Amino acid sequence: MELNDSIRTIKGIGGKSEKLFNKLGIYTVEELLCFYPREYDIFGKIEPISQVAEGNVVIIHVSLREYPKTMVSGGLKITRARFGDASGNITAVWFNMQFVMKMLHMGAHYILRGKLVNRNGFLELHQPKILSRQEYSNLADRMQPVYRLTAGLTGNAVAKAVNIALKETDLSGDFLPADIRKENNLISWKKAVAAIHFPDNKEECIQARRRLVFDEFFIFALALRQLKKVKKSIPSKYIMSPDIKTKQLIQSLPYKLTKAQELAWNDIKEDMLSGIVMNRLVQGDVGSGKTIIAVLALAMVAENGFQGAIMVPTEVLAKQHYETFQEFLKPLGINTILLTGSMTASQKKKAYAQIENHETDIVIGTHALIQEKVEFHSLGLVVTDEQHRFGVKQREALYSKGIEPHMLVMSATPIPRTLAVILYGELDISVIDALPEGRLPVKNCVVGTNYRTQAYKFMQQETAAGHQVYIICLSLIPIS
C-alpha cells in the first residue's frame with residue numbers, strides 16, 4: 001500500500017465508508033495517517049465506589065445487586081441497575097441500550113467504565129461500558145485515540161482503518177535528514193505517526209507530537225525561504241533614481257534621525273534602488289519613529305513619478321497620518337489625499353478620479369483603499385501600518401492595485417527577531433530599536449471605575465504640566 005493510494009485500498013472501507021471519510025477531508029492513505037487524534041482517552045485504575053468523584057470518568061469493579069429495570073421517559077428508554085462493591089453501592093444508567101439487560105446477571109462481577117453524574121443528590125454512572133477482565137487488562141493505562149468524527153463514522157472505525165494502514169504501508173522513508181533528526185533529538189517519522197495514534201504512554205505521545213510539530217515548522221520555513229528567493233528575483237517596474245527631495249526633507253526636520261532610523265531608511269533606499277521589488281518589514285515600538293520612515297519612502301516614490309499608498313486600520317490614525325504627511329510633503333510639491341469609509345459619495349468619487357488620473361501622489365486611507373472603484377495610475381509602493389490589524393487578503397487586495405509594487409510593512413508589535421523571521425520569512429526585516437532623543441517614554445495604566453476620581457486628578461496634573469493623556473474606554477458586555 002502506498003501513501004497516495006485511495007483509502008478504498010484499506011480493508012473494510014467500502015463506498016459508503018469512503019464518502020464518510022471524504023467528509024473529513026480524507027481521500028488518501030497519507031491523509032488518513034495525518035488525521036491525528038484531537039485528544040486521548042486514558043483507562044486508569046479501578047477505584048472503590050466510596051472514593052469516586054462527581055464529574056470524573058471512573059472504572060469500578062462491582063457485582064450486580066439489583067436486577068436492571070427499563071422505563072420510558074421523554075422518548076428515551078432508560079435502563080437502571082444497582083451495583084456494589086465492599087465500599088458501597090451505585091446506580092448505573094443506560095439510555096436506549098436496553099440490550100444490556102441480557103448481559104447482566106445477579107451476583108456476577110463486572111468492570112464498568114463511565115462518567116459519574118450527580119442526579120438529585122445521588123451519584124449515577126451514565127452510559128458505562130461493560131468490560132471483561134481481559135479487555136480492561138489490554139486497555140489499562142493505555143492512551144486510546146479520540147478523533148473528530150462525522151455522523152455515521154465511529155471512532156473505532158477510524159482507529160481500525162489507521163491501524164491497518166500503519167501495518168500495510170511502507171513508512172520507512174523519512175524526508176528529514178538523519179543529521180537534523182539527531183541534532184534536534186527527534187524520532188523517525190514512521191515511529192512518530194504510529195505513536196501519535198496509538199502511544200504506549202504519555203512520554204511517547206510527547207515525542208511523537210514534538211517530531212510532527214517540528215515537521216510543520218520546518219516545511220513552513222522552507223516554503224517561506226523559497227517564497228523569499230522567488231520574490232528576491234522579481235524585477236521592479238518602478239526603478240528609483242538617487243533622491244533629492246528626501247534629502248531636503250531630512251534636512252528640514254526639526255530633529256535628527258536616530259541611528260536606528262537611518263539604518264532602516266538606508267535599507268529601504270537600497271531596496272528601491274536595486275531594481276528588484278522590495279518586500280520589507282520595519283518593526284519598532286510606539287514612538288520609535290516609524291512614520292517618518294514611511295514618509296521618506298513615499299516621498300522617494302513620488303519624486304520618481306510614481307504613486308504610493310499607506311493603509312491604516314482606523315480613520316483616526318488615517319487622519320493623523322494625513323495631517324503629518326501634508327506637513328512634510330506639501331512644501332516639496334508632493335500631493336497627498338485622504339480616503340476613508342466615512343467620506344460622502346461625492347467626496348469619494350472626486351478622490352477616485354484624482355487617484356486614477358495621477359492628480360495625487362500619495363493616498364492615505366483605511367480599508368476604503370481596497371474597494372473596487374479605487375484604481376491607481378502607477379502604484380509604485382504599498383505601505384501597511386499596524387499590519388497585524390489586517391488580514392492577508394486585505395493586504396493582497398491593496399498590493400494587487402499595482403503591478404508588483406514595492407511593499408513596506410510596519411509593525412509596533414514587539415516580535416523577537418527569531419520569531420519575526422518565522423512569521424515574516426518572505427520579508428527582509430529592519431528594526432528601529434531606539435527612541436528619538438528627548439522622546440518621553442509612554443506609560444500605560446489600567447484602572448477600574450473605583451479609581452476614577454484619582455485618575456481624573458492625575459490627568460489634570462499631567463495636562464497642567466504640559467503633558468498629553470490618551471484615554472481608552474472599554475465596555476465590558478457580559479455574555480450569557
# chains A, B, ... in the order shown; residues from 1 in each chain; ligands from 1

$ select_by_dssp --residues "stretch 319-408 of chain A" --states "strand (DSSP E)" --output "list in words"
Thr336, Ile337, Leu338, Leu339, Ile362, Val363, Ile364, Gly365, Leu379, Gly380, Leu381, Val382, Val383, Thr384, His406, Met407 and Leu408 of chain A

$ write_last_selection --atoms "all heavy atoms" --output "compact mmCIF listing (two decimals), in the first residue's frame"
# COMPACT_ATOMS: atom_id res chain seq x y z
N THR A 336 -0.95 64.90 -1.48
CA THR A 336 -1.50 63.78 -0.71
C THR A 336 -3.01 63.90 -0.67
O THR A 336 -3.57 64.98 -0.80
CB THR A 336 -0.95 63.77 0.73
OG1 THR A 336 -1.29 65.00 1.36
CG2 THR A 336 0.55 63.57 0.74
N ILE A 337 -3.66 62.75 -0.45
CA ILE A 337 -5.12 62.73 -0.38
C ILE A 337 -5.55 61.72 0.67
O ILE A 337 -4.85 60.74 0.93
CB ILE A 337 -5.74 62.38 -1.77
CG1 ILE A 337 -7.23 62.72 -1.78
CG2 ILE A 337 -5.52 60.91 -2.11
CD1 ILE A 337 -7.86 62.58 -3.16
N LEU A 338 -6.71 61.97 1.30
CA LEU A 338 -7.25 61.08 2.34
C LEU A 338 -8.45 60.33 1.77
O LEU A 338 -9.30 60.92 1.10
CB LEU A 338 -7.67 61.90 3.56
CG LEU A 338 -8.29 61.14 4.74
CD1 LEU A 338 -7.26 60.21 5.38
CD2 LEU A 338 -8.84 62.12 5.78
N LEU A 339 -8.53 59.02 2.04
CA LEU A 339 -9.67 58.23 1.57
C LEU A 339 -10.12 57.30 2.70
O LEU A 339 -9.40 56.38 3.09
CB LEU A 339 -9.27 57.40 0.34
CG LEU A 339 -10.39 56.55 -0.28
CD1 LEU A 339 -11.55 57.43 -0.74
CD2 LEU A 339 -9.85 55.72 -1.45
N ILE A 362 0.29 60.63 -3.21
CA ILE A 362 0.22 59.74 -2.06
C ILE A 362 -1.22 59.65 -1.57
O ILE A 362 -1.88 60.67 -1.39
CB ILE A 362 1.11 60.24 -0.89
CG1 ILE A 362 2.53 60.54 -1.39
CG2 ILE A 362 1.12 59.23 0.25
CD1 ILE A 362 3.26 59.36 -1.96
N VAL A 363 -1.69 58.41 -1.34
CA VAL A 363 -3.04 58.19 -0.83
C VAL A 363 -2.94 57.58 0.57
O VAL A 363 -2.28 56.55 0.74
CB VAL A 363 -3.84 57.26 -1.74
CG1 VAL A 363 -5.29 57.15 -1.24
CG2 VAL A 363 -3.81 57.75 -3.18
N ILE A 364 -3.57 58.24 1.54
CA ILE A 364 -3.60 57.73 2.90
C ILE A 364 -5.02 57.31 3.20
O ILE A 364 -5.96 58.10 2.98
CB ILE A 364 -3.16 58.81 3.92
CG1 ILE A 364 -1.73 59.28 3.61
CG2 ILE A 364 -3.22 58.28 5.33
CD1 ILE A 364 -1.65 60.71 3.19
N GLY A 365 -5.22 56.09 3.67
CA GLY A 365 -6.59 55.66 3.91
C GLY A 365 -6.72 54.41 4.74
O GLY A 365 -5.74 53.83 5.21
N LEU A 379 0.90 52.68 -9.23
CA LEU A 379 1.18 52.43 -7.82
C LEU A 379 2.55 51.77 -7.67
O LEU A 379 2.73 50.60 -8.01
CB LEU A 379 0.08 51.54 -7.23
CG LEU A 379 0.19 51.23 -5.73
CD1 LEU A 379 0.16 52.51 -4.91
CD2 LEU A 379 -0.94 50.29 -5.30
N GLY A 380 3.49 52.52 -7.12
CA GLY A 380 4.85 52.01 -7.01
C GLY A 380 5.23 51.51 -5.64
O GLY A 380 6.19 50.75 -5.48
N LEU A 381 4.49 51.91 -4.58
CA LEU A 381 4.81 51.49 -3.22
C LEU A 381 3.54 51.35 -2.40
O LEU A 381 2.69 52.24 -2.39
CB LEU A 381 5.74 52.51 -2.54
CG LEU A 381 6.01 52.29 -1.05
CD1 LEU A 381 6.73 50.98 -0.80
CD2 LEU A 381 6.82 53.47 -0.47
N VAL A 382 3.42 50.22 -1.71
CA VAL A 382 2.31 49.96 -0.81
C VAL A 382 2.87 49.86 0.61
O VAL A 382 3.80 49.10 0.86
CB VAL A 382 1.59 48.64 -1.18
CG1 VAL A 382 0.65 48.22 -0.06
CG2 VAL A 382 0.84 48.78 -2.49
N VAL A 383 2.29 50.65 1.53
CA VAL A 383 2.70 50.62 2.93
C VAL A 383 1.50 50.21 3.77
O VAL A 383 0.41 50.77 3.60
CB VAL A 383 3.22 52.00 3.41
CG1 VAL A 383 3.66 51.92 4.87
CG2 VAL A 383 4.33 52.50 2.52
N THR A 384 1.67 49.24 4.64
CA THR A 384 0.61 48.89 5.59
C THR A 384 1.13 49.16 6.98
O THR A 384 2.18 48.66 7.38
CB THR A 384 0.17 47.42 5.47
OG1 THR A 384 1.31 46.56 5.57
CG2 THR A 384 -0.53 47.17 4.15
N HIS A 406 6.52 47.95 -4.87
CA HIS A 406 7.33 47.73 -3.68
C HIS A 406 6.39 47.61 -2.48
O HIS A 406 5.33 48.23 -2.46
CB HIS A 406 8.30 48.90 -3.47
CG HIS A 406 9.34 49.04 -4.54
ND1 HIS A 406 10.32 48.10 -4.76
CD2 HIS A 406 9.53 50.02 -5.47
CE1 HIS A 406 11.09 48.49 -5.76
NE2 HIS A 406 10.63 49.66 -6.21
N MET A 407 6.79 46.83 -1.48
CA MET A 407 5.94 46.66 -0.29
C MET A 407 6.73 46.97 0.98
O MET A 407 7.84 46.47 1.17
CB MET A 407 5.39 45.24 -0.20
CG MET A 407 4.53 45.01 1.04
SD MET A 407 3.89 43.32 1.19
CE MET A 407 2.64 43.35 -0.09
N LEU A 408 6.13 47.81 1.82
CA LEU A 408 6.72 48.14 3.11
C LEU A 408 5.67 47.87 4.19
O LEU A 408 4.57 48.41 4.14
CB LEU A 408 7.14 49.62 3.14
CG LEU A 408 7.80 50.12 4.43
CD1 LEU A 408 9.09 49.36 4.70
CD2 LEU A 408 8.07 51.62 4.34

$ residues_around --residues "A:Leu332" --least-positions-apart "4" --cutoff "12 Å" --atoms "only C-alpha atoms" --output "ChimeraX atom specification"
/A:244-250,252,295-296,299-300,302-303,325-328,336,361

$ write_last_selection --atoms "N, CA and C atoms" --output "short mmCIF file (atom, residue, chain, number, x, y, z; two decimals), in the first residue's frame"
data_model
loop_
_atom_site.label_atom_id
_atom_site.label_comp_id
_atom_site.auth_asym_id
_atom_site.auth_seq_id
_atom_site.Cartn_x
_atom_site.Cartn_y
_atom_site.Cartn_z
N ILE A 244 16.52 63.43 -4.11
CA ILE A 244 16.88 64.81 -3.78
C ILE A 244 15.91 65.37 -2.76
N LYS A 245 14.61 65.16 -3.03
CA LYS A 245 13.59 65.70 -2.14
C LYS A 245 13.63 65.06 -0.76
N THR A 246 13.99 63.77 -0.70
CA THR A 246 14.07 63.13 0.61
C THR A 246 15.23 63.70 1.42
N LYS A 247 16.32 64.07 0.74
CA LYS A 247 17.44 64.70 1.45
C LYS A 247 17.02 66.07 1.98
N GLN A 248 16.26 66.80 1.15
CA GLN A 248 15.75 68.10 1.59
C GLN A 248 14.82 67.93 2.79
N LEU A 249 14.00 66.88 2.74
CA LEU A 249 13.06 66.62 3.83
C LEU A 249 13.81 66.31 5.12
N ILE A 250 14.83 65.47 5.04
CA ILE A 250 15.61 65.12 6.23
C ILE A 250 16.29 66.35 6.83
N SER A 252 15.23 69.37 6.61
CA SER A 252 14.24 70.31 7.14
C SER A 252 13.60 69.84 8.45
N VAL A 295 7.11 58.18 5.48
CA VAL A 295 7.03 59.45 4.73
C VAL A 295 8.18 59.55 3.73
N LEU A 296 9.38 59.22 4.16
CA LEU A 296 10.56 59.29 3.28
C LEU A 296 10.43 58.32 2.11
N ALA A 299 7.83 59.63 -0.25
CA ALA A 299 8.34 60.82 -0.94
C ALA A 299 9.28 60.42 -2.07
N MET A 300 10.10 59.41 -1.85
CA MET A 300 11.02 58.95 -2.88
C MET A 300 10.27 58.40 -4.08
N ALA A 302 7.18 59.25 -4.99
CA ALA A 302 6.54 60.38 -5.67
C ALA A 302 7.55 61.19 -6.48
N GLU A 303 8.75 61.35 -5.93
CA GLU A 303 9.80 62.10 -6.63
C GLU A 303 10.17 61.45 -7.96
N PHE A 325 1.64 63.87 6.92
CA PHE A 325 2.17 63.81 5.56
C PHE A 325 2.04 65.15 4.86
N GLN A 326 0.92 65.82 5.08
CA GLN A 326 0.71 67.14 4.49
C GLN A 326 1.81 68.10 4.96
N GLU A 327 2.08 68.05 6.25
CA GLU A 327 3.07 68.95 6.84
C GLU A 327 4.45 68.75 6.21
N PHE A 328 4.83 67.49 5.98
CA PHE A 328 6.16 67.20 5.46
C PHE A 328 6.25 67.28 3.94
N THR A 336 -0.95 64.90 -1.48
CA THR A 336 -1.50 63.78 -0.71
C THR A 336 -3.01 63.90 -0.67
N ASP A 361 -0.25 62.16 -5.52
CA ASP A 361 0.91 61.26 -5.47
C ASP A 361 0.78 60.20 -4.38
#

$ residues_around --residues "A:Asp267" --least-positions-apart "3" --cutoff "10 Å" --atoms "only C-alpha atoms" --output "list in words"
Gln261, Glu262, Leu263, Ala264, Glu270, Asp271, Met272, Met278, Arg280, Val282, Asp428, Ile429 and Ser430 of chain A

$ write_last_selection --atoms "C-alpha atoms" --output "compact mmCIF listing (two decimals), in the first residue's frame"
# COMPACT_ATOMS: atom_id res chain seq x y z
CA GLN A 261 16.07 55.24 11.77
CA GLU A 262 18.98 55.97 9.43
CA LEU A 263 19.76 52.26 9.12
CA ALA A 264 16.12 51.44 8.34
CA GLU A 270 18.95 50.20 -1.22
CA ASP A 271 15.93 48.01 -1.90
CA MET A 272 14.19 50.55 -4.10
CA MET A 278 11.15 45.47 -2.21
CA ARG A 280 10.47 44.77 3.84
CA VAL A 282 10.02 47.72 9.68
CA ASP A 428 13.51 41.48 4.81
CA ILE A 429 13.47 42.95 8.32
CA SER A 430 14.61 46.30 9.67

$ closest_atom_pairs --of "stretch 35-57 of chain A" --to "stretch 179-198 of chain A" --cutoff "12 Å" --atoms "only C-alpha atoms" --output "JSON lines"
{"residue": "A:Phe35", "atom": "CA", "partner": "A:His197", "partner_atom": "CA", "distance": 8.9}
{"residue": "A:Tyr36", "atom": "CA", "partner": "A:His197", "partner_atom": "CA", "distance": 6.5}
{"residue": "A:Pro37", "atom": "CA", "partner": "A:His197", "partner_atom": "CA", "distance": 6.4}
{"residue": "A:Arg38", "atom": "CA", "partner": "A:His197", "partner_atom": "CA", "distance": 10.0}
{"residue": "A:Glu39", "atom": "CA", "partner": "A:His197", "partner_atom": "CA", "distance": 9.8}
{"residue": "A:Tyr40", "atom": "CA", "partner": "A:His197", "partner_atom": "CA", "distance": 9.1}
{"residue": "A:Asp41", "atom": "CA", "partner": "A:Phe198", "partner_atom": "CA", "distance": 10.9}
{"residue": "A:Ile42", "atom": "CA", "partner": "A:Phe198", "partner_atom": "CA", "distance": 11.4}

$ write_last_selection --atoms "C-alpha atoms" --output "mmCIF file, in the first residue's frame"
data_model
loop_
_atom_site.group_PDB
_atom_site.id
_atom_site.type_symbol
_atom_site.label_atom_id
_atom_site.label_comp_id
_atom_site.auth_asym_id
_atom_site.auth_seq_id
_atom_site.Cartn_x
_atom_site.Cartn_y
_atom_site.Cartn_z
ATOM 1 C CA PHE A 35 -5.621 12.716 10.627
ATOM 2 C CA TYR A 36 -4.305 12.964 14.174
ATOM 3 C CA PRO A 37 -6.427 12.376 17.308
ATOM 4 C CA ARG A 38 -7.886 15.506 18.889
ATOM 5 C CA GLU A 39 -7.353 14.006 22.361
ATOM 6 C CA TYR A 40 -6.819 10.706 24.154
ATOM 7 C CA ASP A 41 -8.970 8.549 26.391
ATOM 8 C CA ILE A 42 -6.898 7.058 29.203
#

$ residues_around --residues "stretch 214-219 of chain A" --least-positions-apart "3" --cutoff "9 Å" --atoms "only C-alpha atoms" --output "PyMOL selection string"
chain A and resi 176+186+209-211+222-224+422

$ atom_distance --atom1 "atom CA of A:Thr360" --atom2 "atom CA of A:Asn335"
5.0 Å

$ select_by_dssp --residues "stretch 100-256 of chain A" --states "helix (DSSP H, G or I)" --output "JSON, numbers by chain"
{"A": [100, 101, 102, 133, 134, 135, 136, 137, 138, 139, 155, 156, 157, 158, 159, 160, 161, 162, 163, 164, 165, 166, 167, 168, 178, 179, 180, 181, 182, 183, 189, 190, 191, 192, 193, 194, 195, 196, 197, 202, 203, 204, 205, 206, 207, 208, 209, 210, 211, 212, 213, 214, 215, 216, 217, 218, 219, 220, 221, 222, 223, 224, 225, 226, 227, 228, 229, 230, 231, 232, 245, 246, 247, 248, 249, 250, 251, 252]}

$ residues_around --residues "stretch 311-313 of chain A" --least-positions-apart "6" --cutoff "12 Å" --atoms "only C-alpha atoms" --output "compact mmCIF listing (two decimals) with N, CA and C atoms, in the first residue's frame"
# COMPACT_ATOMS: atom_id res chain seq x y z
N THR A 291 6.88 56.35 11.42
CA THR A 291 6.08 57.15 10.48
C THR A 291 6.95 57.97 9.55
N ALA A 294 8.23 55.96 6.75
CA ALA A 294 7.22 55.76 5.71
C ALA A 294 7.08 57.01 4.85
N LYS A 319 -6.41 60.00 9.58
CA LYS A 319 -6.44 61.47 9.61
C LYS A 319 -5.17 62.04 10.23
N GLN A 320 -4.66 61.37 11.27
CA GLN A 320 -3.41 61.82 11.88
C GLN A 320 -2.26 61.72 10.88
N HIS A 321 -2.19 60.61 10.17
CA HIS A 321 -1.15 60.44 9.15
C HIS A 321 -1.29 61.48 8.03
N TYR A 322 -2.53 61.74 7.63
CA TYR A 322 -2.77 62.71 6.55
C TYR A 322 -2.22 64.08 6.94
N LEU A 338 -6.71 61.97 1.30
CA LEU A 338 -7.25 61.08 2.34
C LEU A 338 -8.45 60.33 1.77
N LEU A 339 -8.53 59.02 2.04
CA LEU A 339 -9.67 58.23 1.57
C LEU A 339 -10.12 57.30 2.70
N THR A 340 -11.33 57.56 3.22
CA THR A 340 -11.88 56.74 4.31
C THR A 340 -13.32 56.37 4.01
N GLY A 341 -13.83 55.41 4.76
CA GLY A 341 -15.19 54.94 4.53
C GLY A 341 -16.26 55.93 4.90
N ILE A 362 0.29 60.63 -3.21
CA ILE A 362 0.22 59.74 -2.06
C ILE A 362 -1.22 59.65 -1.57
N VAL A 363 -1.69 58.41 -1.34
CA VAL A 363 -3.04 58.19 -0.83
C VAL A 363 -2.94 57.58 0.57
N ILE A 364 -3.57 58.24 1.54
CA ILE A 364 -3.60 57.73 2.90
C ILE A 364 -5.02 57.31 3.20
N GLY A 365 -5.22 56.09 3.67
CA GLY A 365 -6.59 55.66 3.91
C GLY A 365 -6.72 54.41 4.74
N THR A 366 -7.98 54.00 4.90
CA THR A 366 -8.31 52.78 5.63
C THR A 366 -8.61 51.68 4.62
N HIS A 367 -9.48 50.75 5.02
CA HIS A 367 -9.87 49.66 4.12
C HIS A 367 -10.53 50.19 2.85
N ALA A 368 -10.93 51.46 2.87
CA ALA A 368 -11.54 52.07 1.67
C ALA A 368 -10.59 52.00 0.48
N LEU A 369 -9.30 51.88 0.73
CA LEU A 369 -8.31 51.82 -0.36
C LEU A 369 -8.46 50.58 -1.23
N ILE A 370 -9.04 49.52 -0.67
CA ILE A 370 -9.10 48.27 -1.43
C ILE A 370 -10.45 48.07 -2.12
N LEU A 381 4.49 51.91 -4.58
CA LEU A 381 4.81 51.49 -3.22
C LEU A 381 3.54 51.35 -2.40
N VAL A 382 3.42 50.22 -1.71
CA VAL A 382 2.31 49.96 -0.81
C VAL A 382 2.87 49.86 0.61
N VAL A 383 2.29 50.65 1.53
CA VAL A 383 2.70 50.62 2.93
C VAL A 383 1.50 50.21 3.77
N THR A 384 1.67 49.24 4.64
CA THR A 384 0.61 48.89 5.59
C THR A 384 1.13 49.16 6.98
N ASP A 385 0.39 49.99 7.73
CA ASP A 385 0.79 50.35 9.09
C ASP A 385 -0.04 49.54 10.07
N GLU A 386 0.54 49.17 11.20
CA GLU A 386 -0.11 48.28 12.16
C GLU A 386 -0.60 47.04 11.41
N GLN A 387 0.32 46.41 10.67
CA GLN A 387 -0.04 45.37 9.71
C GLN A 387 -0.80 44.21 10.34
N HIS A 388 -0.58 43.92 11.63
CA HIS A 388 -1.24 42.79 12.27
C HIS A 388 -2.75 42.98 12.36
N ARG A 389 -3.22 44.23 12.12
CA ARG A 389 -4.65 44.51 12.18
C ARG A 389 -5.34 44.18 10.85
N PHE A 390 -4.57 43.80 9.84
CA PHE A 390 -5.15 43.48 8.54
C PHE A 390 -5.02 41.99 8.26
N GLY A 391 -5.99 41.45 7.53
CA GLY A 391 -5.91 40.06 7.09
C GLY A 391 -5.03 39.96 5.86
N GLN A 394 -6.69 41.27 2.72
CA GLN A 394 -6.77 42.73 2.63
C GLN A 394 -5.46 43.32 2.14
N ARG A 395 -4.34 42.79 2.65
CA ARG A 395 -3.04 43.28 2.19
C ARG A 395 -2.82 42.94 0.73
N GLU A 396 -3.23 41.74 0.34
CA GLU A 396 -3.08 41.32 -1.05
C GLU A 396 -3.96 42.16 -1.97
N ALA A 397 -5.15 42.54 -1.47
CA ALA A 397 -6.06 43.35 -2.29
C ALA A 397 -5.44 44.70 -2.61
N LEU A 398 -4.77 45.31 -1.61
CA LEU A 398 -4.12 46.59 -1.85
C LEU A 398 -2.91 46.40 -2.77
N TYR A 399 -2.15 45.35 -2.54
CA TYR A 399 -0.97 45.06 -3.36
C TYR A 399 -1.36 44.86 -4.83
N MET A 407 6.79 46.83 -1.48
CA MET A 407 5.94 46.66 -0.29
C MET A 407 6.73 46.97 0.98
N LEU A 408 6.13 47.81 1.82
CA LEU A 408 6.72 48.14 3.11
C LEU A 408 5.67 47.87 4.19
N VAL A 409 6.02 47.01 5.13
CA VAL A 409 5.11 46.63 6.21
C VAL A 409 5.66 47.20 7.51
N MET A 410 4.80 47.86 8.29
CA MET A 410 5.24 48.45 9.56
C MET A 410 4.46 47.84 10.72
N SER A 411 5.16 47.55 11.80
CA SER A 411 4.50 46.96 12.96
C SER A 411 5.12 47.47 14.24

$ atom_distance --atom1 "atom CA of A:Ile130" --atom2 "atom CA of A:Leu112"
4.9 Å

$ decode --residues "stretch 341-358 of chain A" --atoms "N, CA, C and O atoms" --output "mmCIF file, in the first residue's frame"
data_model
loop_
_atom_site.group_PDB
_atom_site.id
_atom_site.type_symbol
_atom_site.label_atom_id
_atom_site.label_comp_id
_atom_site.auth_asym_id
_atom_site.auth_seq_id
_atom_site.Cartn_x
_atom_site.Cartn_y
_atom_site.Cartn_z
ATOM 1 N N GLY A 341 -13.834 55.412 4.755
ATOM 2 C CA GLY A 341 -15.191 54.940 4.535
ATOM 3 C C GLY A 341 -16.255 55.933 4.903
ATOM 4 O O GLY A 341 -17.368 55.889 4.380
ATOM 5 N N SER A 342 -15.971 56.877 5.806
ATOM 6 C CA SER A 342 -16.986 57.827 6.261
ATOM 7 C C SER A 342 -17.165 59.010 5.315
ATOM 8 O O SER A 342 -18.057 59.834 5.514
ATOM 9 N N MET A 343 -16.324 59.119 4.290
ATOM 10 C CA MET A 343 -16.457 60.219 3.331
ATOM 11 C C MET A 343 -17.751 60.070 2.543
ATOM 12 O O MET A 343 -18.253 58.966 2.342
ATOM 13 N N THR A 344 -18.300 61.190 2.100
ATOM 14 C CA THR A 344 -19.537 61.145 1.324
ATOM 15 C C THR A 344 -19.270 60.554 -0.050
ATOM 16 O O THR A 344 -18.114 60.461 -0.495
ATOM 17 N N ALA A 345 -20.344 60.168 -0.734
ATOM 18 C CA ALA A 345 -20.209 59.556 -2.056
ATOM 19 C C ALA A 345 -19.529 60.516 -3.039
ATOM 20 O O ALA A 345 -18.686 60.100 -3.845
ATOM 21 N N SER A 346 -19.866 61.799 -2.956
ATOM 22 C CA SER A 346 -19.268 62.776 -3.871
ATOM 23 C C SER A 346 -17.783 62.977 -3.559
ATOM 24 O O SER A 346 -16.965 63.126 -4.471
ATOM 25 N N GLN A 347 -17.436 62.953 -2.262
ATOM 26 C CA GLN A 347 -16.031 63.099 -1.874
ATOM 27 C C GLN A 347 -15.206 61.904 -2.372
ATOM 28 O O GLN A 347 -14.095 62.062 -2.881
ATOM 29 N N LYS A 348 -15.785 60.714 -2.246
ATOM 30 C CA LYS A 348 -15.097 59.512 -2.708
ATOM 31 C C LYS A 348 -14.927 59.531 -4.232
ATOM 32 O O LYS A 348 -13.865 59.188 -4.751
ATOM 33 N N LYS A 349 -15.976 59.935 -4.923
ATOM 34 C CA LYS A 349 -15.931 59.971 -6.384
ATOM 35 C C LYS A 349 -14.825 60.903 -6.866
ATOM 36 O O LYS A 349 -14.079 60.596 -7.801
ATOM 37 N N LYS A 350 -14.709 62.056 -6.202
ATOM 38 C CA LYS A 350 -13.664 63.012 -6.545
ATOM 39 C C LYS A 350 -12.283 62.421 -6.271
ATOM 40 O O LYS A 350 -11.350 62.570 -7.076
ATOM 41 N N ALA A 351 -12.167 61.723 -5.130
ATOM 42 C CA ALA A 351 -10.884 61.111 -4.765
ATOM 43 C C ALA A 351 -10.509 60.015 -5.757
ATOM 44 O O ALA A 351 -9.339 59.901 -6.170
ATOM 45 N N TYR A 352 -11.495 59.196 -6.165
ATOM 46 C CA TYR A 352 -11.233 58.131 -7.134
ATOM 47 C C TYR A 352 -10.642 58.699 -8.421
ATOM 48 O O TYR A 352 -9.688 58.154 -8.986
ATOM 49 N N ALA A 353 -11.233 59.816 -8.883
ATOM 50 C CA ALA A 353 -10.783 60.430 -10.135
ATOM 51 C C ALA A 353 -9.355 60.964 -9.998
ATOM 52 O O ALA A 353 -8.525 60.796 -10.899
ATOM 53 N N GLN A 354 -9.064 61.602 -8.871
ATOM 54 C CA GLN A 354 -7.718 62.145 -8.648
ATOM 55 C C GLN A 354 -6.668 61.028 -8.591
ATOM 56 O O GLN A 354 -5.561 61.184 -9.098
ATOM 57 N N ILE A 355 -7.042 59.906 -7.980
ATOM 58 C CA ILE A 355 -6.112 58.776 -7.887
ATOM 59 C C ILE A 355 -5.874 58.166 -9.262
ATOM 60 O O ILE A 355 -4.730 57.913 -9.667
ATOM 61 N N GLU A 356 -6.944 57.947 -10.002
ATOM 62 C CA GLU A 356 -6.827 57.299 -11.310
ATOM 63 C C GLU A 356 -6.078 58.174 -12.307
ATOM 64 O O GLU A 356 -5.317 57.674 -13.143
ATOM 65 N N ASN A 357 -6.266 59.497 -12.225
ATOM 66 C CA ASN A 357 -5.630 60.423 -13.177
ATOM 67 C C ASN A 357 -4.250 60.896 -12.724
ATOM 68 O O ASN A 357 -3.640 61.750 -13.373
ATOM 69 N N HIS A 358 -3.778 60.359 -11.605
ATOM 70 C CA HIS A 358 -2.483 60.720 -11.029
ATOM 71 C C HIS A 358 -2.408 62.222 -10.718
ATOM 72 O O HIS A 358 -1.383 62.873 -10.918
#
